[in-house]
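J.: Okay, here's the structure, questions in a sec.
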Amino acid sequence: MSETLTVLLALTAIVLVPHWLQRCLGLAEQHEAAGDPLMALAWTLAALLSAYAVGLALLALLIAVTRPTLAAS
């Protein structure tokens with residue numbers, strides 16, 4: 001059951017995070033153009049953490065897929 005939940009959570013992150021990542025980068029550019037470098041940095045860091053979340057989700061999916069294969073051999 002926990003493996004299914006992990007896969008569903010990872011797939012949800014992969015589907016939702018790219019939209020959030022695009023929005024973060026847009027807001028970072030908007031704040032940079034407005035002359036607010038601190039908020040631009042905050043949104044850039046949010047985008048970086050979002051990209052990290054997608055990487056972790058892909059890693060979780062890879063582990064979930066290969067675990068039965070490795071256990072069988």
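Ordered as shown in the structure tokens, chains take letters A, B, and onward, while each chain numbers its residues from 1 and ligands are numbered from 1 in the order shown.
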Just want the 7 Å neighbourhood of Val54 in chain A, counted on only C-alpha atoms, with same-chain residues fewer than 2 positions away dropped. Output as a PyMOL selection string.
T.: chain A and resi 13-14+17+50-52+56-58
J.: Would you list the contacts of Ala46 in chain A as a ChimeraX atom specification, taking every protein, DNA or RNA residue within 9 Å and counting only C-alpha atoms, but skipping same-chain residues closer than 4 positions in sequence?
T.: /A:21,24-25,41-42,50-51
J.: Give me, please, the distance in Å between CA of Thr44 in chain A and CA of Thr12 in chain A, quoted to one decimal.
T.: 22.0 Å
J.: Leaving out Ala40 in chain A and any residue of its chain fewer than 5 positions from it, which residues lie within 7 Å of it when counting only C-alpha atoms, given as a ChimeraX atom specification?
T.: /A:28-29,31-32
J.: Next, dump the selected residues to file, keeping only N, CA, C and O atoms, as a tab-separated table (two decimals), in the first residue's frame.
T.:
chain	number	residue	atom	x	y	z
A	28	ALA	N	9.70	35.61	-10.48
A	28	ALA	CA	11.08	36.07	-10.24
A	28	ALA	C	11.48	37.13	-11.26
A	28	ALA	O	12.05	38.17	-10.90
A	29	GLU	N	11.15	36.89	-12.52
A	29	GLU	CA	11.46	37.89	-13.56
A	29	GLU	C	10.68	39.18	-13.34
A	29	GLU	O	11.21	40.27	-13.54
A	31	HIS	N	9.59	40.44	-10.48
A	31	HIS	CA	10.16	41.19	-9.35
A	31	HIS	C	11.52	41.78	-9.70
A	31	HIS	O	11.86	42.87	-9.24
A	32	GLU	N	12.29	41.06	-10.51
A	32	GLU	CA	13.58	41.59	-10.95
A	32	GLU	C	13.38	42.84	-11.80
A	32	GLU	O	14.08	43.84	-11.64
J.: Any idea what the distance is between CA of Trp20 in chain A and CA of Leu5 in chain A?
T.: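 Interatomic distance, CA of Trp20 in chain A to CA of Leu5 in chain A: 21.9 Å.
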J.: Distance table requested - range 20-65 of chain A against range 69-73 of chain A, cut-off 12 Å, only C-alpha atoms: one row per qualifying residue with the closest atom pair and its distance in Å to one decimal, ordered by chain and rising residue number, as a tab-separated table.
T.:
residue	atom	partner	partner_atom	distance
A:Leu62	CA	A:Thr69	CA	11.2
A:Ile63	CA	A:Leu70	CA	9.9
A:Ala64	CA	A:Thr69	CA	9.7
A:Val65	CA	A:Thr69	CA	7.6
J.: Those same residues - N, CA, C and O atoms - I'd like them written as a compact mmCIF listing (two decimals), in the first residue's frame.
T.:
# COMPACT_ATOMS: atom_id res chain seq x y z
N LEU A 62 11.65 5.68 -10.03
CA LEU A 62 12.67 4.75 -10.51
C LEU A 62 12.91 3.64 -9.49
O LEU A 62 12.98 2.45 -9.84
N ILE A 63 12.98 3.99 -8.22
CA ILE A 63 13.17 2.99 -7.17
C ILE A 63 11.96 2.06 -7.09
O ILE A 63 12.10 0.84 -6.96
N ALA A 64 10.76 2.63 -7.18
CA ALA A 64 9.54 1.81 -7.09
C ALA A 64 9.44 0.84 -8.26
O ALA A 64 8.95 -0.28 -8.10
N VAL A 65 9.91 1.24 -9.42
CA VAL A 65 9.83 0.37 -10.60
C VAL A 65 10.90 -0.71 -10.55
O VAL A 65 10.63 -1.87 -10.91
J.: Just how far from CA of Gln30 in chain A is CA of Trp43 in chain A, in Å to one decimal?
T.: 9.9 Å
J.: Compare A:Leu45, A:Gly55, A:Gly26, A:Arg67 by their minimum atom-to-atom distance to Leu11 in chain A, counting only C-alpha atoms, and give me the closest one.
T.: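 Ranking A:Leu45, A:Gly55, A:Gly26, A:Arg67 by distance to Leu11 in chain A, first place goes to A:Gly55.
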J.: Between A:Thr66, A:Ala47, A:Val7, A:Gly35, which one has atoms that come closest to His19 in chain A, using only C-alpha atoms?
T.: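 Result for the nearest residue to His19 in chain A: A:Ala47.
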